[in-house]
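Working notes, structure below.
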Amino acid sequence: MLAGQREDYANPSTQGGKAVKEIKFSPVTRLSGLLSIDVFVEGRTVVDARVKGNQYRGFEQMLVGRDIRDAPYFTERICGICSFAHGTASNYALDIIFADQVPVQGQLLRNIMLGLEFVQNHIRHFYAFGLPDYIELPLGLPYQGPVVDRRFDPGMNRRLVDSYVESFGIAALAHEAQTIFGGKAPHQHGMVQGGVAVAPTADKILHAQGLTRKVQSFITNRLLPDTELLADYYPDYYQIGAGPRRFLSFGLFRVGEGRDRVWKAGTVEADRFIPGIRPELIKEDVASSWYENGSGELSPMDAVAPDPYREDAYTFIKAVHYGGLPYEVGPLARRVINSGYRGGPSTMDRIIARSLEVKEITALILEWLTLLTPSAPVLERNQTPVQREAVGMTDAPRGALLHQVLVEEGLIRAYGIITPTMWNFSPLNIYQAHGLAEAALIGTDIQDLDNPVEIGRIVRSFDPCLSCGTHLIRLKEQKVRKGGSRNNAAKL
Ligand code: NFE
């Protein structure tokens, strides 16, 4: 479906004397995990929006009491598409806890594998998740909804369908290259505390180069021209889906033996770049989320019990803010911060930034592959923790990812995770500010209320992953409500 299973209009209500219609989408398809969206439309304009993460999971609690060295393997299982990113954030925290000095070659291998994950994710997102919103797929291919607002002539459409089909094999090549050093993908086992488990051999390096070059050729000959074509035919999407012009990145890809990043960490507010991130300014709240303790700011490791029956809440995603403000994270944020990209923030700018980024990352991977030395040391690890607490921060494909851990005698006492989708799909927060996706939806003019394609296009431009967004559960008690209705239960 275009934006998932479209549900009936709710009864028109009135707000301030004007008729407001509610349109619900549940589930929104062509993304990872379970997402529902409610938009409230006055005339043809979206005047309010709610993005809802409808599932919850149990990763942070699962970790408590376990050996700290298990954390990367458990947290990689949060998600099948950004597993390496979770492993990276977790291992960055472990490297601090154990005071490891990861050898340069180990750092390069980690970067290569992380980069390949970005490549696989971004290619797959552009074609499999995003493009069906704009092209007409031949009958028989999945996920085609009602065909409206299709602007390509048959020849162009055919070209894009060909790319779509080819992209699946190409994205798989990126994963295949990752397995050369990581053993398997997703959920690799190559990266470990202190570096990488196995040094590469010359034939492995050559193999990875060959696969990455094939991917690069597809990016040059298909992805980038296809992105241009899309932008040429849908220029109105430079205006649609705009959020607040506020960007944040934790930086990406470490270099050398230190903790410097190839791509910078920092924030952009009112076009001004402020370098660096202060972890203590990152806060969550559950003002609109199905958890107990609905008021006040929380730190990433603060545990809160779920309360799926709270009538004043609508999602399992917590609101995340930095210095009290919501920020957009992801490829567009990284382009603005690192390459002076001057567009956006809009639906089309997010799509373009993702395609530009995958080109840059593929070139970096090829460069790093040439720097690998067969059999050079890739691992240097200490056996005893020297620090009790650490924050591991990296950007993941969809944006800023944080893992924070508290250790006692080698065991995890508390673990907190903040994912990119939590930043972008935050609900209304304690300061009554919308998260990025909600803000991007509000103000949208819908051309055809029976086929509101704009909603799916805007939402997918963020590449949401709800498996990552809602990964927390604390089962203090089993709650059963007799005779009551669970929020939204009938609709899911
Ligand atoms: Ni499940 Fe993920 C990325 C992380 S998104 S895909 O990128 O971390 O919240």
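Following the order of the structure tokens, first chain is A, next is B, and so on, with residues numbered from 1 inside each chain and ligands from 1 in the order they appear.
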
For ligand 1, list the contacting residues at 6 Å or closer, counting only C-alpha atoms and all ligand atoms, as a PyMOL selection string. chain A and resi 79+81-82+86+396-399+401+419-421+465+467-469

As a ChimeraX atom specification, list the residues of segment 131-293 of chain A assigned to helix (DSSP H, G or I) by DSSP on the backbone atoms of this structure. /A:131-133,154-182,202-233,235-238,279-281

Residues near Asp312 of chain A, anyone? I mean within 9 Å using only C-alpha atoms, not counting same-chain ones fewer than 3 positions away, as a PDB file with C-alpha atoms, in the first residue's frame.
```pdb
ATOM      1  CA  ALA A 287       5.066  12.503  28.486  1.00  0.00           C
ATOM      2  CA  SER A 288       3.290  10.890  25.502  1.00  0.00           C
ATOM      3  CA  SER A 289       4.683   7.365  25.759  1.00  0.00           C
ATOM      4  CA  TRP A 290       3.199   4.220  27.277  1.00  0.00           C
ATOM      5  CA  TYR A 309      -3.046   1.581  29.166  1.00  0.00           C
TER       6      TYR A 309
END
```

Counting only C-alpha atoms, the option among A:Pro103, A:Val386, A:Ala199, A:Ser167 closest to Leu131 of chain A: A:Ser167

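Nearest residue to Val147 of chain A among A:Glu292, A:Glu360, A:Asp450, A:Asp349 is A:Asp450, counting only C-alpha atoms.
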
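These are the residues of segment 301-410 of chain A assigned strand (DSSP E) by DSSP from backbone coordinates: A:Ala319, A:Val320, A:His321, A:Tyr322, A:Glu389, A:Ala390, A:Val391, A:Gly392, A:Met393, A:Thr394, A:Asp395, A:Ala396, A:Gly399, A:Ala400, A:Leu401, A:Leu402, A:His403, A:Gln404, A:Val405, A:Leu406, A:Val407, A:Glu408.
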
Mind checking which residues fall within 7 Å of segment 33-49 of chain A, counting only C-alpha atoms, ignoring those fewer than 5 positions away in the same chain, and posting them as a VMD selection string? chain A and resid 19 to 28 54 to 55 438 441 to 446 465 to 467

Non-local contacts of Leu224 of chain A (9 Å; only C-alpha atoms; under 6 positions in same chain excluded) as a PyMOL selection string: chain A and resi 218+352+355-356+359

Could you please determine the separation between atom CA of Lys52 of chain A and atom CA of Met422 of chain A in Å, to one decimal place? 10.9 Å

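Restricting the calculation to only C-alpha atoms, the smallest distance between Gln61 of chain A and any of A:Leu206, A:Ile180, A:Val304, A:Ala353 is found for A:Val304.
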
List as a PyMOL selection string the protein and nucleic acid residues near Asp271 of chain A, meaning an atom at most 12 Å away when only C-alpha atoms are counted, but skip any in the same chain fewer than 4 places from it. chain A and resi 244-248+267+333+336-337+340-345
